[in-house]
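The block underneath contains the structure these notes are about, expressed in structure tokens.
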Amino acid sequence: MEMSQREHRIYNPAVECISRDELHQLQSERLVATVKREYENVPMYRARMDAAGVKPEDIRGVDDLKYLPFMEKTDLRDYYPFDLLASPKSEIVRIQGSSGTTGKPIVSGYTRNDIEIWSEMMARTLTAAGATKDDVVQVTYGLGLFTGGFGAYQGADKIGAMVIPMSSGNTNRQIMMMKDLGTTLLCCTPSYATYLGETIREMGIDPNKDLKLKAGCFGAEPWTEEMRKRIEELLGIDACDIYGLTEISGPGVAFECLEKHGMHINEDHVIAEIINPATGEQLPYGKPGELVFTTITKTGMPMLRYRTHDICTLTDEKCECGRTLARMGRITGRTDDMLVIRGVNVFPSQIESVLVRADGVAPHYMLIVDRVNSSDTLEVQVEMTEDMFGDTVSHIENIRKYITDQIKSVVGIASKVTLVAPKSIPRSEGKAKRVIDNRNLH
Ligand code: ADP
Ligand code: ZN
């Protein structure tokens, strides 16, 4: 890796730069306490450990994690809303819920301590993107049940930055505030960051002259390296990836530093594992698989071996920023987001990487999967750019053909590519909806 010229800010160096041995020891102690607490306070988990023949005393450290049974999103639905709490309800000071991408929203309960931990994780996250108390942080994630808004708000507040709690929506007002108040750091989904960037350009605003933006923390949905470049160009900023989920606390479970080379995991609060999603077996660093988290400091609703269904790889290689916390790569898909089309595994992110590289189209797309004569079909609708819209038919056809060929070679299946008019695909203010699967309707 080439030497970095960057100045790296670290919120809590004692933890973020801890030696791997010390970390292992700390994680082990905290895991033992969490398992005991969970066994004593959560009947569902005690029953599950008993059924697996595992007693709390069998778990002596991180290396014994593999003996514990997994938790699943369905558990949060089955024991909704309070049956997984490990603390008395009177100790719970907040409820947050997931955005419900894959069904009925789930909720999580936080003790005061849990809110404090989450805020610290987000303070580390924003600091890694360069934030200090002199910054102006615009929170454009939804403030509400969804964890994005409150997470970013709490982290910025902890740093002592000036927070603008905009919540999502109303693009014109977002841009007005950004200009008037001199926003330096933006927090929103990458799809909305792209939309904001495009709108800013259309309004004739030059981010490098008219705005003070320097960085953004973008997450809550999968995005690509190509999309990062586009956002950085549109807004003239450093775009950092940020990961989290309601079950584990919210955004800030993992965050990128300005090296932008994977997200550091807040390993003093969570243990990350990668497993083979089919067998549940642990996989070594470097191998792609399903990400599993165990919380080791949470007291409201601790999670032991929670299966995220997110697919990525882990690495504990040294990072140029000085942090020793292991990193997770981009989420390349979600096992429950993965489409199986004519037997081939297809992730929307693969198609996105093709579209972002193609000329003449904007990275706004929709995948429509259907079944015709018992065979699966995939239609990729993608928006043309304004310039291209007025172009000759043969040129448009060439681009269409190019994209079709690229999808065939990257994903391995044939698709029908349809170029649609600029701005005709609905924009999202939160997580983008990219797939319509009509196969269940037949
Ligand atoms: P859901 O989307 O399941 O309703 P949440 O709102 O808690 O639940 O979102 C958590 C999920 O969002 C993660 O499991 C992951 O799939 C996705 N996600 C969050 N951050 C990122 C990121 N940086 N890259 C890709 N996916 C992300
Ligand atoms: Zn780093």
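By convention here, the chains of the structure tokens are called A, B, ... in the order presented, each chain's residues are numbered starting at 1, and ligands are numbered starting at 1 in the order presented.
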
Can you pull out every residue within 9 Å of segment 426-438 of chain A, counting only C-alpha atoms, but drop anything in the same chain fewer than 3 positions away, and send it as a PDB file with N, CA, C and O atoms, in the first residue's frame?
ATOM      1  N   SER A  99     -35.406  -0.211   9.266  1.00  0.00           N
ATOM      2  CA  SER A  99     -36.189   0.423   8.200  1.00  0.00           C
ATOM      3  C   SER A  99     -37.133  -0.571   7.536  1.00  0.00           C
ATOM      4  O   SER A  99     -37.970  -0.200   6.739  1.00  0.00           O
ATOM      5  N   THR A 101     -36.461  -3.166   5.442  1.00  0.00           N
ATOM      6  CA  THR A 101     -36.145  -3.513   4.056  1.00  0.00           C
ATOM      7  C   THR A 101     -36.698  -4.895   3.699  1.00  0.00           C
ATOM      8  O   THR A 101     -37.136  -5.126   2.591  1.00  0.00           O
ATOM      9  N   THR A 140     -28.752  14.153   7.444  1.00  0.00           N
ATOM     10  CA  THR A 140     -29.795  14.004   6.433  1.00  0.00           C
ATOM     11  C   THR A 140     -30.341  12.577   6.416  1.00  0.00           C
ATOM     12  O   THR A 140     -31.169  12.232   5.602  1.00  0.00           O
ATOM     13  N   TYR A 141     -29.862  11.761   7.351  1.00  0.00           N
ATOM     14  CA  TYR A 141     -30.532  10.470   7.579  1.00  0.00           C
ATOM     15  C   TYR A 141     -31.831  10.792   8.319  1.00  0.00           C
ATOM     16  O   TYR A 141     -31.876  11.729   9.119  1.00  0.00           O
ATOM     17  N   GLY A 142     -32.852   9.959   8.118  1.00  0.00           N
ATOM     18  CA  GLY A 142     -34.121  10.188   8.806  1.00  0.00           C
ATOM     19  C   GLY A 142     -33.952  10.149  10.320  1.00  0.00           C
ATOM     20  O   GLY A 142     -33.317   9.250  10.860  1.00  0.00           O
ATOM     21  N   SER A 168     -34.463  13.457   6.727  1.00  0.00           N
ATOM     22  CA  SER A 168     -34.401  13.291   5.268  1.00  0.00           C
ATOM     23  C   SER A 168     -35.458  14.149   4.562  1.00  0.00           C
ATOM     24  O   SER A 168     -36.362  14.669   5.192  1.00  0.00           O
ATOM     25  N   GLY A 169     -35.322  14.278   3.266  1.00  0.00           N
ATOM     26  CA  GLY A 169     -36.336  14.947   2.457  1.00  0.00           C
ATOM     27  C   GLY A 169     -36.096  16.422   2.243  1.00  0.00           C
ATOM     28  O   GLY A 169     -35.163  17.008   2.801  1.00  0.00           O
ATOM     29  N   ASN A 170     -36.927  17.009   1.416  1.00  0.00           N
ATOM     30  CA  ASN A 170     -36.875  18.432   1.066  1.00  0.00           C
ATOM     31  C   ASN A 170     -35.487  18.880   0.584  1.00  0.00           C
ATOM     32  O   ASN A 170     -34.774  19.632   1.243  1.00  0.00           O
ATOM     33  N   THR A 171     -35.158  18.425  -0.595  1.00  0.00           N
ATOM     34  CA  THR A 171     -33.820  18.630  -1.148  1.00  0.00           C
ATOM     35  C   THR A 171     -33.439  20.107  -1.248  1.00  0.00           C
ATOM     36  O   THR A 171     -32.316  20.491  -0.916  1.00  0.00           O
ATOM     37  N   CYS A 188     -25.716  10.947   5.057  1.00  0.00           N
ATOM     38  CA  CYS A 188     -26.948  10.481   4.417  1.00  0.00           C
ATOM     39  C   CYS A 188     -26.661   9.190   3.669  1.00  0.00           C
ATOM     40  O   CYS A 188     -25.547   8.673   3.722  1.00  0.00           O
ATOM     41  N   THR A 189     -27.657   8.649   2.991  1.00  0.00           N
ATOM     42  CA  THR A 189     -27.408   7.437   2.208  1.00  0.00           C
ATOM     43  C   THR A 189     -26.634   7.828   0.947  1.00  0.00           C
ATOM     44  O   THR A 189     -26.776   8.951   0.445  1.00  0.00           O
ATOM     45  N   PRO A 190     -25.832   6.916   0.392  1.00  0.00           N
ATOM     46  CA  PRO A 190     -25.087   7.253  -0.832  1.00  0.00           C
ATOM     47  C   PRO A 190     -26.007   7.578  -2.011  1.00  0.00           C
ATOM     48  O   PRO A 190     -25.667   8.433  -2.834  1.00  0.00           O
ATOM     49  N   SER A 191     -27.170   6.941  -2.070  1.00  0.00           N
ATOM     50  CA  SER A 191     -28.064   7.257  -3.196  1.00  0.00           C
ATOM     51  C   SER A 191     -28.581   8.695  -3.060  1.00  0.00           C
ATOM     52  O   SER A 191     -28.690   9.425  -4.044  1.00  0.00           O
ATOM     53  N   TYR A 192     -28.852   9.108  -1.828  1.00  0.00           N
ATOM     54  CA  TYR A 192     -29.328  10.488  -1.667  1.00  0.00           C
ATOM     55  C   TYR A 192     -28.180  11.490  -1.857  1.00  0.00           C
ATOM     56  O   TYR A 192     -28.394  12.586  -2.389  1.00  0.00           O
ATOM     57  N   TYR A 195     -27.990  12.129  -5.478  1.00  0.00           N
ATOM     58  CA  TYR A 195     -29.102  12.975  -5.891  1.00  0.00           C
ATOM     59  C   TYR A 195     -28.870  14.438  -5.477  1.00  0.00           C
ATOM     60  O   TYR A 195     -29.052  15.367  -6.269  1.00  0.00           O
ATOM     61  N   ALA A 220     -25.865   2.727   5.142  1.00  0.00           N
ATOM     62  CA  ALA A 220     -27.228   2.197   5.317  1.00  0.00           C
ATOM     63  C   ALA A 220     -27.704   1.393   4.121  1.00  0.00           C
ATOM     64  O   ALA A 220     -28.756   0.776   4.169  1.00  0.00           O
ATOM     65  N   GLU A 221     -26.954   1.408   3.037  1.00  0.00           N
ATOM     66  CA  GLU A 221     -27.322   0.617   1.858  1.00  0.00           C
ATOM     67  C   GLU A 221     -26.036   0.290   1.092  1.00  0.00           C
ATOM     68  O   GLU A 221     -25.028   0.982   1.234  1.00  0.00           O
ATOM     69  N   ASP A 337     -30.923 -10.581  -0.196  1.00  0.00           N
ATOM     70  CA  ASP A 337     -31.084  -9.546  -1.213  1.00  0.00           C
ATOM     71  C   ASP A 337     -30.594 -10.120  -2.535  1.00  0.00           C
ATOM     72  O   ASP A 337     -30.873  -9.635  -3.617  1.00  0.00           O
ATOM     73  N   LEU A 339     -30.414 -12.199  -5.658  1.00  0.00           N
ATOM     74  CA  LEU A 339     -31.429 -12.740  -6.560  1.00  0.00           C
ATOM     75  C   LEU A 339     -30.870 -14.014  -7.164  1.00  0.00           C
ATOM     76  O   LEU A 339     -29.688 -14.072  -7.506  1.00  0.00           O
ATOM     77  N   PRO A 348     -27.504  -6.932  -6.902  1.00  0.00           N
ATOM     78  CA  PRO A 348     -27.702  -5.635  -7.553  1.00  0.00           C
ATOM     79  C   PRO A 348     -26.398  -4.841  -7.684  1.00  0.00           C
ATOM     80  O   PRO A 348     -26.194  -4.133  -8.665  1.00  0.00           O
ATOM     81  N   HIS A 364     -28.992   5.615 -11.872  1.00  0.00           N
ATOM     82  CA  HIS A 364     -30.317   5.405 -11.289  1.00  0.00           C
ATOM     83  C   HIS A 364     -30.940   4.269 -12.066  1.00  0.00           C
ATOM     84  O   HIS A 364     -31.101   4.364 -13.281  1.00  0.00           O
ATOM     85  N   TYR A 365     -31.268   3.195 -11.362  1.00  0.00           N
ATOM     86  CA  TYR A 365     -31.716   1.999 -12.076  1.00  0.00           C
ATOM     87  C   TYR A 365     -32.716   1.199 -11.264  1.00  0.00           C
ATOM     88  O   TYR A 365     -32.859   1.404 -10.055  1.00  0.00           O
ATOM     89  N   MET A 366     -33.355   0.284 -11.946  1.00  0.00           N
ATOM     90  CA  MET A 366     -34.319  -0.605 -11.303  1.00  0.00           C
ATOM     91  C   MET A 366     -34.189  -1.962 -11.973  1.00  0.00           C
ATOM     92  O   MET A 366     -34.080  -2.041 -13.204  1.00  0.00           O
ATOM     93  N   LEU A 367     -34.165  -3.014 -11.171  1.00  0.00           N
ATOM     94  CA  LEU A 367     -34.103  -4.366 -11.728  1.00  0.00           C
ATOM     95  C   LEU A 367     -35.477  -5.002 -11.610  1.00  0.00           C
ATOM     96  O   LEU A 367     -36.053  -5.019 -10.525  1.00  0.00           O
ATOM     97  N   ILE A 368     -35.994  -5.482 -12.724  1.00  0.00           N
ATOM     98  CA  ILE A 368     -37.315  -6.099 -12.689  1.00  0.00           C
ATOM     99  C   ILE A 368     -37.175  -7.568 -13.082  1.00  0.00           C
ATOM    100  O   ILE A 368     -36.751  -7.891 -14.188  1.00  0.00           O
ATOM    101  N   VAL A 369     -37.479  -8.417 -12.109  1.00  0.00           N
ATOM    102  CA  VAL A 369     -37.329  -9.855 -12.338  1.00  0.00           C
ATOM    103  C   VAL A 369     -38.724 -10.442 -12.499  1.00  0.00           C
ATOM    104  O   VAL A 369     -39.651 -10.070 -11.793  1.00  0.00           O
ATOM    105  N   ASP A 370     -38.873 -11.331 -13.462  1.00  0.00           N
ATOM    106  CA  ASP A 370     -40.183 -11.922 -13.703  1.00  0.00           C
ATOM    107  C   ASP A 370     -39.999 -13.351 -14.192  1.00  0.00           C
ATOM    108  O   ASP A 370     -38.861 -13.812 -14.362  1.00  0.00           O
ATOM    109  N   ARG A 371     -41.120 -14.036 -14.401  1.00  0.00           N
ATOM    110  CA  ARG A 371     -41.030 -15.410 -14.907  1.00  0.00           C
ATOM    111  C   ARG A 371     -41.966 -15.525 -16.107  1.00  0.00           C
ATOM    112  O   ARG A 371     -43.151 -15.246 -15.995  1.00  0.00           O
ATOM    113  N   LYS A 423     -34.641  11.131 -14.985  1.00  0.00           N
ATOM    114  CA  LYS A 423     -35.513  11.427 -13.832  1.00  0.00           C
ATOM    115  C   LYS A 423     -36.788  10.598 -13.782  1.00  0.00           C
ATOM    116  O   LYS A 423     -37.718  10.949 -13.070  1.00  0.00           O
ATOM    117  N   LEU A 441     -45.672 -13.396  -7.868  1.00  0.00           N
ATOM    118  CA  LEU A 441     -47.046 -13.043  -8.186  1.00  0.00           C
ATOM    119  C   LEU A 441     -47.705 -14.102  -9.064  1.00  0.00           C
ATOM    120  O   LEU A 441     -48.917 -14.121  -9.224  1.00  0.00           O
ATOM    121  N   HIS A 442     -46.893 -14.983  -9.667  1.00  0.00           N
ATOM    122  CA  HIS A 442     -47.496 -15.932 -10.606  1.00  0.00           C
ATOM    123  C   HIS A 442     -48.013 -17.172  -9.891  1.00  0.00           C
ATOM    124  O   HIS A 442     -47.495 -17.564  -8.885  1.00  0.00           O
TER     125      HIS A 442
END

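Taking atom CA of Asp241 of chain A and atom CA of Glu225 of chain A as endpoints, the distance between them is 10.0 Å.
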
Would you list the contacts of segment 417-421 of chain A as JSON, numbers by chain, taking every protein, DNA or RNA residue within 7 Å and counting only C-alpha atoms, but skipping same-chain residues closer than 6 positions in sequence? {"A": [379, 380, 381, 382, 383, 384, 389, 400, 404]}

6 Å shell around ligand 2 using only C-alpha atoms and all ligand atoms, listed as a ChimeraX atom specification: /A:257,259,319-321,323

I'd like a table as a Markdown table: residues in chain A with an atom no more than 7 Å from ligand 1, each row giving the shortest atom pair and its distance in Å to one decimal, only C-alpha atoms and all ligand atoms counted, sorted by chain and rising residue number.
| residue | atom | partner | partner_atom_place_in_ligand_line | distance |
| --- | --- | --- | --- | --- |
| A:Ser98 | CA | ligand 1 | 6 (O) | 4.0 |
| A:Ser99 | CA | ligand 1 | 4 (O) | 3.7 |
| A:Gly100 | CA | ligand 1 | 4 (O) | 3.4 |
| A:Thr101 | CA | ligand 1 | 4 (O) | 4.1 |
| A:Thr102 | CA | ligand 1 | 3 (O) | 5.8 |
| A:Pro105 | CA | ligand 1 | 4 (O) | 6.3 |
| A:Phe146 | CA | ligand 1 | 6 (O) | 6.2 |
| A:Thr147 | CA | ligand 1 | 6 (O) | 6.8 |
| A:Phe218 | CA | ligand 1 | 23 (N) | 6.8 |
| A:Gly219 | CA | ligand 1 | 23 (N) | 3.8 |
| A:Ala220 | CA | ligand 1 | 19 (C) | 3.3 |
| A:Glu221 | CA | ligand 1 | 26 (N) | 3.8 |
| A:Pro222 | CA | ligand 1 | 25 (C) | 3.3 |
| A:Trp223 | CA | ligand 1 | 24 (N) | 6.1 |
| A:Asp241 | CA | ligand 1 | 23 (N) | 5.3 |
| A:Ile242 | CA | ligand 1 | 23 (N) | 4.5 |
| A:Tyr243 | CA | ligand 1 | 20 (N) | 3.7 |
| A:Gly244 | CA | ligand 1 | 19 (C) | 5.0 |
| A:Leu245 | CA | ligand 1 | 7 (O) | 3.6 |
| A:Thr246 | CA | ligand 1 | 7 (O) | 3.9 |
| A:Glu247 | CA | ligand 1 | 7 (O) | 6.5 |
| A:Gly250 | CA | ligand 1 | 7 (O) | 6.4 |
| A:Pro251 | CA | ligand 1 | 20 (N) | 6.9 |
| A:Thr308 | CA | ligand 1 | 14 (O) | 5.4 |
| A:His309 | CA | ligand 1 | 14 (O) | 6.9 |
| A:Asp310 | CA | ligand 1 | 16 (O) | 5.4 |
| A:Arg330 | CA | ligand 1 | 24 (N) | 6.1 |
| A:Ile331 | CA | ligand 1 | 25 (C) | 4.7 |
| A:Arg334 | CA | ligand 1 | 16 (O) | 6.0 |

Expected answer as a ChimeraX atom specification: alpha helix (DSSP H) residues in segment 340-420 of chain A: /A:348-357,386-389,393-411

May I have the selected residues written with C-alpha atoms, as an mmCIF file, in the first residue's frame?
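And here's selection.cif as it stands now:
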data_model
loop_
_atom_site.group_PDB
_atom_site.id
_atom_site.type_symbol
_atom_site.label_atom_id
_atom_site.label_comp_id
_atom_site.auth_asym_id
_atom_site.auth_seq_id
_atom_site.Cartn_x
_atom_site.Cartn_y
_atom_site.Cartn_z
ATOM 1 C CA PRO A 348 -27.702 -5.635 -7.553
ATOM 2 C CA SER A 349 -24.247 -4.227 -6.748
ATOM 3 C CA GLN A 350 -22.730 -6.175 -9.677
ATOM 4 C CA ILE A 351 -25.129 -4.556 -12.096
ATOM 5 C CA GLU A 352 -24.576 -1.176 -10.525
ATOM 6 C CA SER A 353 -20.831 -1.454 -11.083
ATOM 7 C CA VAL A 354 -21.479 -1.940 -14.813
ATOM 8 C CA LEU A 355 -23.914 0.969 -15.056
ATOM 9 C CA VAL A 356 -21.673 3.429 -13.257
ATOM 10 C CA ARG A 357 -18.878 2.724 -15.726
ATOM 11 C CA GLU A 386 -29.900 14.599 -20.380
ATOM 12 C CA ASP A 387 -27.228 14.849 -23.135
ATOM 13 C CA MET A 388 -27.817 11.357 -24.298
ATOM 14 C CA PHE A 389 -31.604 11.785 -24.322
ATOM 15 C CA VAL A 393 -31.081 6.398 -32.211
ATOM 16 C CA SER A 394 -28.064 4.438 -33.365
ATOM 17 C CA HIS A 395 -25.843 5.917 -30.664
ATOM 18 C CA ILE A 396 -28.403 5.118 -28.001
ATOM 19 C CA GLU A 397 -28.655 1.600 -29.358
ATOM 20 C CA ASN A 398 -24.873 1.181 -29.175
ATOM 21 C CA ILE A 399 -24.836 2.129 -25.524
ATOM 22 C CA ARG A 400 -27.729 -0.201 -24.803
ATOM 23 C CA LYS A 401 -25.886 -3.030 -26.469
ATOM 24 C CA TYR A 402 -22.656 -2.245 -24.623
ATOM 25 C CA ILE A 403 -24.416 -2.408 -21.247
ATOM 26 C CA THR A 404 -26.170 -5.660 -22.168
ATOM 27 C CA ASP A 405 -22.834 -7.254 -23.103
ATOM 28 C CA GLN A 406 -21.125 -6.003 -19.948
ATOM 29 C CA ILE A 407 -23.875 -7.393 -17.712
ATOM 30 C CA LYS A 408 -23.583 -10.702 -19.504
ATOM 31 C CA SER A 409 -19.853 -10.821 -18.902
ATOM 32 C CA VAL A 410 -19.861 -9.565 -15.273
ATOM 33 C CA VAL A 411 -22.967 -11.339 -13.958
#

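Shortest separation to Val35 of chain A among A:Met303, A:Ile159, A:Leu283, A:Met328 occurs at residue A:Met303, atoms counted being only C-alpha atoms.
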
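Between atom CA of Lys66 of chain A and atom CA of Arg46 of chain A the separation is 16.4 Å.
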
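Atom CA of Asp135 of chain A lies 7.6 Å from atom CA of Thr183 of chain A.
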
Exercise: Phe255 of chain A partners within 9 Å, only C-alpha atoms, chain neighbours under 5 positions left out, as a list of chain:residue names: A:Met121, A:Met122, A:Arg124, A:Thr125, A:Leu126, A:Ala128, A:Ala129, A:Cys217, A:Cys240, A:Asp241, A:Ile242, A:Tyr243, A:Gly244, A:Gly262, A:Met263, A:His264, A:Ile265, A:Asn266, A:Arg327, A:Met328

Residues from the last selection, all heavy atoms, saved as a compact mmCIF listing (two decimals), in the first residue's frame:
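Output saved as selection_21.txt:
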# COMPACT_ATOMS: atom_id res chain seq x y z
N MET A 121 -19.30 5.18 19.35
CA MET A 121 -18.95 4.55 18.06
C MET A 121 -19.14 5.56 16.93
O MET A 121 -18.34 5.62 15.99
CB MET A 121 -19.82 3.31 17.82
CG MET A 121 -19.57 2.20 18.82
SD MET A 121 -20.07 0.55 18.23
CE MET A 121 -21.82 0.67 18.25
N MET A 122 -20.20 6.36 17.01
CA MET A 122 -20.43 7.36 15.96
C MET A 122 -19.46 8.53 16.07
O MET A 122 -19.10 9.13 15.06
CB MET A 122 -21.88 7.86 16.03
CG MET A 122 -22.87 7.01 15.29
SD MET A 122 -22.42 6.67 13.55
CE MET A 122 -22.47 8.29 12.82
N ARG A 124 -16.36 8.22 16.97
CA ARG A 124 -15.15 7.68 16.31
C ARG A 124 -15.32 7.75 14.79
O ARG A 124 -14.37 8.08 14.07
CB ARG A 124 -14.94 6.21 16.71
CG ARG A 124 -14.57 6.02 18.16
CD ARG A 124 -14.39 4.52 18.44
NE ARG A 124 -14.38 4.26 19.86
CZ ARG A 124 -14.39 3.04 20.39
NH1 ARG A 124 -14.42 1.97 19.59
NH2 ARG A 124 -14.37 2.87 21.69
N THR A 125 -16.52 7.41 14.34
CA THR A 125 -16.81 7.37 12.90
C THR A 125 -16.63 8.75 12.27
O THR A 125 -15.96 8.91 11.24
CB THR A 125 -18.27 6.92 12.69
OG1 THR A 125 -18.44 5.64 13.29
CG2 THR A 125 -18.64 6.88 11.22
N LEU A 126 -17.25 9.75 12.88
CA LEU A 126 -17.20 11.10 12.30
C LEU A 126 -15.78 11.66 12.39
O LEU A 126 -15.31 12.32 11.47
CB LEU A 126 -18.20 12.01 13.02
CG LEU A 126 -19.68 11.61 12.86
CD1 LEU A 126 -20.56 12.39 13.82
CD2 LEU A 126 -20.15 11.85 11.42
N ALA A 128 -13.07 9.95 12.26
CA ALA A 128 -12.26 9.28 11.23
C ALA A 128 -12.45 9.93 9.87
O ALA A 128 -11.57 9.89 9.01
CB ALA A 128 -12.61 7.80 11.17
N ALA A 129 -13.62 10.54 9.65
CA ALA A 129 -13.86 11.25 8.39
C ALA A 129 -13.34 12.68 8.46
O ALA A 129 -13.51 13.46 7.53
CB ALA A 129 -15.35 11.24 8.07
N CYS A 217 -20.24 10.89 5.50
CA CYS A 217 -20.31 9.51 5.97
C CYS A 217 -21.58 8.92 5.38
O CYS A 217 -22.69 9.30 5.76
CB CYS A 217 -20.38 9.45 7.49
SG CYS A 217 -18.88 10.03 8.28
N CYS A 240 -16.83 8.66 2.80
CA CYS A 240 -16.46 7.49 3.61
C CYS A 240 -17.67 6.58 3.82
O CYS A 240 -18.79 7.05 3.99
CB CYS A 240 -15.95 7.94 4.98
SG CYS A 240 -14.43 8.88 4.89
N ASP A 241 -17.40 5.31 3.82
CA ASP A 241 -18.44 4.30 4.01
C ASP A 241 -18.67 4.11 5.51
O ASP A 241 -17.73 4.18 6.30
CB ASP A 241 -17.97 2.99 3.37
CG ASP A 241 -19.11 2.02 3.08
OD1 ASP A 241 -20.27 2.32 3.43
OD2 ASP A 241 -18.84 0.95 2.48
N ILE A 242 -19.89 3.87 5.89
CA ILE A 242 -20.22 3.62 7.29
C ILE A 242 -21.27 2.53 7.34
O ILE A 242 -22.17 2.50 6.53
CB ILE A 242 -20.68 4.92 8.00
CG1 ILE A 242 -21.59 4.62 9.18
CG2 ILE A 242 -21.39 5.86 7.09
CD1 ILE A 242 -21.92 5.87 9.97
N TYR A 243 -21.11 1.62 8.30
CA TYR A 243 -21.97 0.44 8.36
C TYR A 243 -22.57 0.28 9.75
O TYR A 243 -21.93 0.61 10.75
CB TYR A 243 -21.13 -0.81 8.04
CG TYR A 243 -21.87 -2.11 8.24
CD1 TYR A 243 -22.62 -2.67 7.22
CD2 TYR A 243 -21.82 -2.77 9.48
CE1 TYR A 243 -23.30 -3.87 7.40
CE2 TYR A 243 -22.50 -3.98 9.67
CZ TYR A 243 -23.23 -4.52 8.62
OH TYR A 243 -23.91 -5.70 8.81
N GLY A 244 -23.77 -0.23 9.76
CA GLY A 244 -24.37 -0.57 11.05
C GLY A 244 -25.72 -1.19 10.85
O GLY A 244 -26.23 -1.26 9.74
N GLY A 262 -11.77 -0.02 3.42
CA GLY A 262 -12.49 -0.93 4.32
C GLY A 262 -12.85 -0.23 5.62
O GLY A 262 -12.23 0.77 5.99
N MET A 263 -13.83 -0.80 6.31
CA MET A 263 -14.38 -0.14 7.49
C MET A 263 -13.86 -0.78 8.78
O MET A 263 -14.01 -1.98 8.99
CB MET A 263 -15.91 -0.24 7.45
CG MET A 263 -16.50 0.56 6.30
SD MET A 263 -18.29 0.34 6.15
CE MET A 263 -18.38 -1.11 5.11
N HIS A 264 -13.26 0.04 9.65
CA HIS A 264 -12.79 -0.43 10.94
C HIS A 264 -13.98 -0.80 11.82
O HIS A 264 -14.92 -0.02 11.94
CB HIS A 264 -11.97 0.67 11.64
CG HIS A 264 -10.66 0.95 10.97
ND1 HIS A 264 -9.59 0.11 11.11
CD2 HIS A 264 -10.25 1.97 10.18
CE1 HIS A 264 -8.56 0.60 10.42
NE2 HIS A 264 -8.93 1.73 9.84
N ILE A 265 -13.88 -1.96 12.43
CA ILE A 265 -14.98 -2.45 13.27
C ILE A 265 -14.70 -2.04 14.72
O ILE A 265 -13.57 -2.20 15.20
CB ILE A 265 -15.09 -3.98 13.15
CG1 ILE A 265 -15.38 -4.35 11.68
CG2 ILE A 265 -16.17 -4.53 14.08
CD1 ILE A 265 -15.20 -5.82 11.37
N ASN A 266 -15.69 -1.54 15.40
CA ASN A 266 -15.52 -1.14 16.80
C ASN A 266 -15.46 -2.40 17.67
O ASN A 266 -16.42 -2.75 18.37
CB ASN A 266 -16.65 -0.20 17.22
CG ASN A 266 -16.37 1.22 16.78
OD1 ASN A 266 -15.31 1.78 17.08
ND2 ASN A 266 -17.30 1.81 16.04
N ARG A 327 -10.80 -4.60 9.78
CA ARG A 327 -11.69 -3.92 8.81
C ARG A 327 -12.57 -4.91 8.07
O ARG A 327 -12.16 -6.04 7.81
CB ARG A 327 -10.85 -3.16 7.78
CG ARG A 327 -10.32 -1.82 8.28
CD ARG A 327 -9.25 -1.29 7.36
NE ARG A 327 -8.06 -2.11 7.43
CZ ARG A 327 -7.14 -2.16 6.47
NH1 ARG A 327 -7.29 -1.46 5.36
NH2 ARG A 327 -6.08 -2.92 6.60
N MET A 328 -13.74 -4.46 7.72
CA MET A 328 -14.62 -5.25 6.84
C MET A 328 -14.65 -4.57 5.49
O MET A 328 -14.63 -3.34 5.39
CB MET A 328 -16.03 -5.38 7.44
CG MET A 328 -16.72 -4.07 7.78
SD MET A 328 -18.36 -4.32 8.56
CE MET A 328 -19.39 -4.32 7.10
